[in-house]
file model-v3.cif (mmCIF, C-alpha atoms)
data_coords
loop_
_atom_site.label_atom_id
_atom_site.label_comp_id
_atom_site.auth_asym_id
_atom_site.auth_seq_id
_atom_site.Cartn_x
_atom_site.Cartn_y
_atom_site.Cartn_z
CA MET X 1 113.73 -9.91 68.82
CA ARG X 2 115.60 -11.73 66.07
CA LYS X 3 113.55 -9.92 63.40
CA LEU X 4 114.46 -6.56 64.94
CA LEU X 5 118.12 -7.56 65.15
CA THR X 6 118.11 -8.66 61.50
CA THR X 7 116.49 -5.37 60.50
CA ILE X 8 119.17 -3.40 62.32
CA SER X 9 121.95 -5.48 60.81
CA ALA X 10 120.63 -5.22 57.28
CA PHE X 11 119.54 -1.61 57.20
CA PHE X 12 121.24 0.47 59.86
CA ILE X 13 124.28 1.21 57.75
CA LEU X 14 122.00 3.12 55.38
CA THR X 15 121.58 5.73 58.09
CA VAL X 16 125.25 6.57 58.13
CA VAL X 17 126.41 6.23 54.54
CA ILE X 18 125.85 4.87 51.09
CA SER X 19 129.38 3.96 50.18
CA ALA X 20 128.19 2.27 47.05
CA GLN X 21 128.57 2.54 43.32
CA VAL X 22 125.30 3.63 41.78
CA PRO X 23 124.26 2.44 38.31
CA LYS X 24 126.40 3.83 35.50
CA THR X 25 123.33 3.74 33.27
CA PRO X 26 120.31 3.94 35.61
CA LEU X 27 117.18 2.19 34.35
CA LYS X 28 114.64 4.83 35.29
CA SER X 29 116.64 6.48 38.03
CA ASP X 30 117.14 10.18 38.56
CA LEU X 31 120.51 11.57 37.46
CA GLU X 32 120.28 14.34 40.05
CA ALA X 33 119.81 11.69 42.74
CA LYS X 34 122.82 9.84 41.33
CA LYS X 35 124.96 12.95 41.68
CA ILE X 36 123.98 13.28 45.34
CA LEU X 37 124.59 9.59 46.06
CA ASP X 38 127.97 9.82 44.33
CA GLY X 39 128.84 12.68 46.67
CA VAL X 40 127.77 10.67 49.74
CA SER X 41 129.85 7.72 48.54
CA ALA X 42 132.96 9.80 47.86
CA LYS X 43 132.75 11.52 51.23
CA PHE X 44 132.41 8.25 53.15
CA LYS X 45 135.28 6.61 51.30
CA SER X 46 137.55 9.39 52.57
CA TYR X 47 136.95 8.31 56.18
CA LYS X 48 139.32 5.82 57.81
CA SER X 49 136.79 5.14 60.56
CA VAL X 50 133.29 6.19 61.64
CA GLN X 51 131.58 6.16 65.02
CA ALA X 52 128.02 7.36 65.50
CA ASN X 53 125.15 7.41 67.99
CA PHE X 54 121.73 6.67 66.54
CA LEU X 55 118.05 6.39 67.37
CA LEU X 56 115.81 3.67 65.98
CA LYS X 57 112.09 4.50 66.03
CA ILE X 58 109.60 1.72 65.28
CA GLU X 59 106.04 2.46 64.13
CA ASN X 60 103.09 0.48 62.83
CA ALA X 61 101.19 1.20 59.61
CA ALA X 62 99.01 3.77 61.38
CA GLY X 63 102.06 5.69 62.53
CA LYS X 64 101.73 4.61 66.18
CA ASN X 65 105.05 4.69 68.02
CA LEU X 66 105.95 1.15 69.11
CA GLY X 67 109.22 2.07 70.73
CA ILE X 68 112.53 3.89 70.44
CA LYS X 69 115.96 2.33 70.86
CA LYS X 70 119.30 4.09 71.24
CA GLY X 71 122.49 2.58 69.90
CA ILE X 72 126.03 3.12 68.71
CA VAL X 73 127.84 1.91 65.61
CA SER X 74 131.57 1.78 64.94
CA MET X 75 133.09 1.04 61.52
CA LYS X 76 136.59 0.66 60.14
CA GLY X 77 137.16 -0.76 56.67
CA THR X 78 135.00 -3.90 56.40
CA LYS X 79 134.78 -4.21 60.20
CA TYR X 80 131.80 -2.98 62.20
CA ALA X 81 130.18 -3.18 65.63
CA ILE X 82 126.55 -2.27 66.36
CA ALA X 83 125.16 -2.15 69.90
CA ILE X 84 121.68 -1.45 71.23
CA PRO X 85 120.38 -2.32 74.71
CA GLY X 86 120.49 -6.10 75.06
CA GLN X 87 121.86 -6.81 71.59
CA GLU X 88 125.15 -6.62 69.71
CA ILE X 89 126.29 -7.35 66.15
CA ILE X 90 130.04 -7.52 65.60
CA SER X 91 132.07 -8.31 62.49
CA ASP X 92 135.81 -8.48 61.85
CA GLY X 93 135.23 -8.58 58.09
CA SER X 94 135.32 -12.39 57.98
CA ASN X 95 132.97 -13.46 60.79
CA ILE X 96 129.76 -12.09 62.32
CA TRP X 97 128.88 -12.46 65.99
CA THR X 98 125.23 -11.89 66.97
CA TYR X 99 124.73 -11.63 70.73
CA GLU X 100 121.45 -11.52 72.64
CA LYS X 101 121.64 -10.61 76.31
CA SER X 102 118.23 -12.07 77.22
CA SER X 103 119.42 -15.60 76.41
CA ASN X 104 123.13 -14.88 76.97
CA GLU X 105 123.78 -16.51 73.62
CA VAL X 106 126.07 -15.59 70.74
CA SER X 107 125.88 -17.12 67.28
CA ILE X 108 128.84 -17.00 64.92
CA ASN X 109 128.52 -17.03 61.14
CA LYS X 110 131.09 -16.87 58.37
CA ILE X 111 130.70 -14.11 55.81
CA ASP X 112 130.21 -15.48 52.32
CA PRO X 113 131.36 -12.81 49.81
CA SER X 114 129.51 -14.59 46.99
CA ALA X 115 126.19 -14.79 48.83
CA ASN X 116 123.21 -12.69 47.76
CA SER X 117 122.45 -11.60 51.32
CA ILE X 118 122.70 -7.96 52.33
CA THR X 119 126.00 -7.34 54.11
CA PRO X 120 127.80 -4.13 55.06
CA GLN X 121 130.50 -5.07 52.56
CA LYS X 122 127.98 -5.05 49.73
CA LEU X 123 126.39 -1.86 51.04
CA PHE X 124 129.83 -0.27 50.86
CA THR X 125 130.55 -1.42 47.30
CA ASN X 126 127.92 -2.29 44.72
CA PHE X 127 124.67 -2.97 46.59
CA TYR X 128 122.69 -0.29 44.73
CA GLU X 129 124.16 -1.07 41.37
CA LYS X 130 121.52 -3.68 40.68
CA ASP X 131 119.03 -3.62 43.56
CA PHE X 132 117.47 -0.14 43.58
CA LEU X 133 115.92 2.58 41.48
CA TYR X 134 116.16 6.04 43.02
CA LYS X 135 114.83 9.53 42.55
CA LEU X 136 115.23 12.96 44.13
CA ASN X 137 111.97 14.13 45.70
CA GLY X 138 113.32 17.59 46.48
CA VAL X 139 114.16 19.57 49.60
CA VAL X 140 112.05 18.83 52.67
CA LYS X 141 112.10 19.74 56.36
CA GLU X 142 113.48 16.89 58.46
CA GLY X 143 114.65 17.20 62.05
CA GLY X 144 114.33 20.96 61.86
CA LYS X 145 116.69 21.21 58.88
CA ASN X 146 116.25 21.51 55.14
CA MET X 147 117.42 18.22 53.61
CA GLN X 148 117.36 16.52 50.24
CA GLU X 149 114.99 13.56 50.17
CA ILE X 150 115.93 10.62 47.95
CA GLU X 151 113.51 7.75 47.46
CA LEU X 152 114.83 4.23 46.85
CA THR X 153 112.62 1.51 45.37
CA PRO X 154 113.81 -2.12 45.30
CA ILE X 155 113.85 -3.67 41.86
CA ASP X 156 113.20 -7.08 43.40
CA LYS X 157 109.54 -6.85 44.43
CA SER X 158 109.90 -9.86 46.74
CA LYS X 159 111.82 -7.72 49.24
CA PRO X 160 110.02 -7.29 52.61
CA PHE X 161 110.11 -3.50 52.17
CA PHE X 162 108.80 -1.39 49.28
CA LYS X 163 110.40 2.00 49.91
CA VAL X 164 113.38 3.64 51.62
CA LEU X 165 113.65 7.40 52.12
CA LEU X 166 117.05 9.02 52.69
CA TYR X 167 117.45 12.52 54.13
CA ILE X 168 120.79 14.04 53.13
CA ASP X 169 122.58 17.26 54.04
CA LYS X 170 126.09 18.15 52.85
CA SER X 171 126.74 14.64 51.48
CA THR X 172 125.81 12.98 54.77
CA ILE X 173 122.74 10.85 55.44
CA TYR X 174 121.16 11.88 58.75
CA THR X 175 117.86 10.00 58.60
CA THR X 176 116.67 6.83 56.89
CA LYS X 177 113.05 5.67 56.80
CA ILE X 178 112.22 2.09 55.81
CA PHE X 179 108.66 1.09 54.86
CA GLU X 180 107.78 -2.60 55.13
CA LYS X 181 105.02 -4.26 53.11
CA ALA X 182 103.63 -5.63 56.37
CA GLY X 183 103.12 -2.05 57.54
CA GLY X 184 106.07 -1.62 59.86
CA ARG X 185 108.12 1.56 59.64
CA TYR X 186 111.68 1.98 60.88
CA THR X 187 113.33 5.39 61.21
CA TYR X 188 117.05 5.62 61.90
CA SER X 189 118.43 9.02 62.92
CA ILE X 190 122.03 10.03 63.56
CA ASN X 191 122.58 12.14 66.68
CA ASN X 192 126.33 12.44 66.52
CA MET X 193 128.92 11.18 64.07
CA LYS X 194 132.70 11.21 64.48
CA THR X 195 135.13 10.36 61.72
CA GLY X 196 138.80 9.45 61.82
CA VAL X 197 138.57 8.31 65.45
CA ILE X 198 141.01 5.67 66.68
CA ILE X 199 139.16 2.36 67.10
CA ALA X 200 141.10 -0.71 68.26
CA ASP X 201 140.66 -3.87 66.17
CA LYS X 202 139.57 -5.80 69.28
CA VAL X 203 136.31 -3.83 69.19
CA PHE X 204 135.38 -5.84 66.11
CA VAL X 205 135.88 -9.28 67.70
CA PHE X 206 133.48 -10.81 70.22
CA ASP X 207 135.28 -11.49 73.52
CA ALA X 208 133.44 -14.32 75.29
CA LYS X 209 135.43 -13.65 78.49
CA LYS X 210 133.40 -10.48 79.00
CA TYR X 211 130.14 -12.47 79.03
CA PRO X 212 130.31 -15.07 81.84
CA GLY X 213 128.39 -18.24 81.02
CA VAL X 214 127.64 -17.18 77.43
CA GLU X 215 126.44 -19.98 75.17
CA VAL X 216 128.38 -19.99 71.90
CA VAL X 217 126.63 -21.35 68.82
CA ASP X 218 129.28 -21.66 66.10
CA LEU X 219 127.58 -21.97 62.71
CA ARG X 220 130.71 -21.56 60.60
#
call {"tool": "encode", "arguments": {"input": "model-v3.cif", "output": "structure tokens"}}
result
Amino acid sequence: MRKLLTTISAFFILTVVISAQVPKTPLKSDLEAKKILDGVSAKFKSYKSVQANFLLKIENAAGKNLGIKKGIVSMKGTKYAIAIPGQEIISDGSNIWTYEKSSNEVSINKIDPSANSITPQKLFTNFYEKDFLYKLNGVVKEGGKNMQEIELTPIDKSKPFFKVLLYIDKSTIYTTKIFEKAGGRYTYSINNMKTGVIIADKVFVFDAKKYPGVEVVDLR
């Protein structure tokens, strides 16, 4: 469960946006891909808030479906809240709450801006500047629509995944496919995305009063 939760936390944001600066002088990256990613970044930065429903499909190396989860993500500035059945990840931009319903436990961590870990903040700024090479594979059929497929390859070969495919239409990422070295495949698909919606700040803070008997593990 914790591995799945970590995967969602680290990679789900890719499904919605790449609000990131791409390399000014790509190593062996595709300039056409850069132009598309620049457009995705510029479009996302114009949004004051984003709320979206998504599907997470999990497969093994043979392509066998291991399950599908539905969820919702809300974002505003550096704040975000991700919820799937039984699990929640909430951040107010300074702290991260990770809640698991099965154990009725929430762990709290402090965000370290200088850390090398993948965080939404880094995904929204300069994550791709040093961590990925990218190329445009062309137009493909995805979800019944013609979309541009961009392939990301991590420069750091110690990463647990070796490839990420983005499917983009009109400067919006609708599907993200992540390929793990261990054979696992994760596909995130957006069903509905709303921008500029009013989201109260309290959505981005874990309220223990709503979870009777919750065990709080404060790791800050």
call {"tool": "closest_atom_pairs", "arguments": {"input": "model-v3.cif", "of": "range 37-110 of chain X", "to": "range 173-190 of chain X", "cutoff": "8 Å", "atoms": "only C-alpha atoms", "output": "JSON lines"}}
result
{"residue": "X:Val40", "atom": "CA", "partner": "X:Ile173", "partner_atom": "CA", "distance": 7.6}
{"residue": "X:Ala52", "atom": "CA", "partner": "X:Ile190", "partner_atom": "CA", "distance": 6.8}
{"residue": "X:Asn53", "atom": "CA", "partner": "X:Ile190", "partner_atom": "CA", "distance": 6.0}
{"residue": "X:Phe54", "atom": "CA", "partner": "X:Ile190", "partner_atom": "CA", "distance": 4.5}
{"residue": "X:Leu55", "atom": "CA", "partner": "X:Ser189", "partner_atom": "CA", "distance": 5.2}
{"residue": "X:Leu56", "atom": "CA", "partner": "X:Tyr188", "partner_atom": "CA", "distance": 4.7}
{"residue": "X:Lys57", "atom": "CA", "partner": "X:Thr187", "partner_atom": "CA", "distance": 5.1}
{"residue": "X:Ile58", "atom": "CA", "partner": "X:Tyr186", "partner_atom": "CA", "distance": 4.9}
{"residue": "X:Glu59", "atom": "CA", "partner": "X:Arg185", "partner_atom": "CA", "distance": 5.0}
{"residue": "X:Asn60", "atom": "CA", "partner": "X:Gly184", "partner_atom": "CA", "distance": 4.7}
{"residue": "X:Ala61", "atom": "CA", "partner": "X:Gly183", "partner_atom": "CA", "distance": 4.3}
{"residue": "X:Gly63", "atom": "CA", "partner": "X:Arg185", "partner_atom": "CA", "distance": 7.9}
call {"tool": "resolve_selection", "arguments": {"input": "model-v3.cif", "expression": "the PyMOL selection byres ((chain X and resi 93) around 12)", "output": "MDAnalysis selection string"}}
result
chainID X and resid 75:81 90:92 94:97 109:113 119:122 201 204:205
call {"tool": "residues_around", "arguments": {"input": "model-v3.cif", "residues": "Glu88 in chain X", "least_positions_apart": "3", "cutoff": "9 Å", "atoms": "all atoms listed in the file", "output": "mmCIF file with C-alpha atoms, in the coordinates of the input"}}
result
data_model
loop_
_atom_site.group_PDB
_atom_site.id
_atom_site.type_symbol
_atom_site.label_atom_id
_atom_site.label_comp_id
_atom_site.auth_asym_id
_atom_site.auth_seq_id
_atom_site.Cartn_x
_atom_site.Cartn_y
_atom_site.Cartn_z
ATOM 1 C CA LEU X 5 118.120 -7.560 65.150
ATOM 2 C CA ALA X 81 130.180 -3.180 65.630
ATOM 3 C CA ILE X 82 126.550 -2.270 66.360
ATOM 4 C CA ALA X 83 125.160 -2.150 69.900
ATOM 5 C CA ILE X 84 121.680 -1.450 71.230
ATOM 6 C CA PRO X 85 120.380 -2.320 74.710
ATOM 7 C CA TRP X 97 128.880 -12.460 65.990
ATOM 8 C CA THR X 98 125.230 -11.890 66.970
ATOM 9 C CA TYR X 99 124.730 -11.630 70.730
ATOM 10 C CA GLU X 100 121.450 -11.520 72.640
ATOM 11 C CA LYS X 101 121.640 -10.610 76.310
#
call {"tool": "closest_residue", "arguments": {"input": "model-v3.cif", "among": "X:Lys70, X:Ser49, X:Tyr167, X:Val214", "to": "Glu142 in chain X", "atoms": "all atoms listed in the file"}}
result
X:Tyr167
call {"tool": "resolve_selection", "arguments": {"input": "model-v3.cif", "expression": "the PyMOL selection byres ((chain X and resi 131-141) around 6)", "output": "ChimeraX atom specification"}}
result
/X:29-30,33,128,130,142,145-155
call {"tool": "closest_residue", "arguments": {"input": "model-v3.cif", "among": "X:Lys48, X:Asn192, X:Phe162, X:Ile108", "to": "Ile72 in chain X", "atoms": "all atoms listed in the file"}}
result
X:Asn192
call {"tool": "resolve_selection", "arguments": {"input": "model-v3.cif", "expression": "the PyMOL selection byres ((chain X and resi 51) around 6)", "output": "list in words"}}
result
Val50, Ala52, Val73, Ser74, Met193 and Lys194 of chain X
call {"tool": "closest_residue", "arguments": {"input": "model-v3.cif", "among": "X:Ile89, X:Val106, X:Ala42, X:Leu31", "to": "Pro212 in chain X", "atoms": "all atoms listed in the file"}}
result
X:Val106
call {"tool": "atom_distance", "arguments": {"input": "model-v3.cif", "atom1": "CA of Asn191 in chain X", "atom2": "CA of Leu166 in chain X"}}
result
15.4 Å
call {"tool": "closest_residue", "arguments": {"input": "model-v3.cif", "among": "X:Gln87, X:Gly144, X:Ile68, X:Ser46", "to": "Asn104 in chain X", "atoms": "all atoms listed in the file"}}
result
X:Gln87
call {"tool": "atom_distance", "arguments": {"input": "model-v3.cif", "atom1": "CA of Ser107 in chain X", "atom2": "CA of Ala208 in chain X"}}
result
11.4 Å
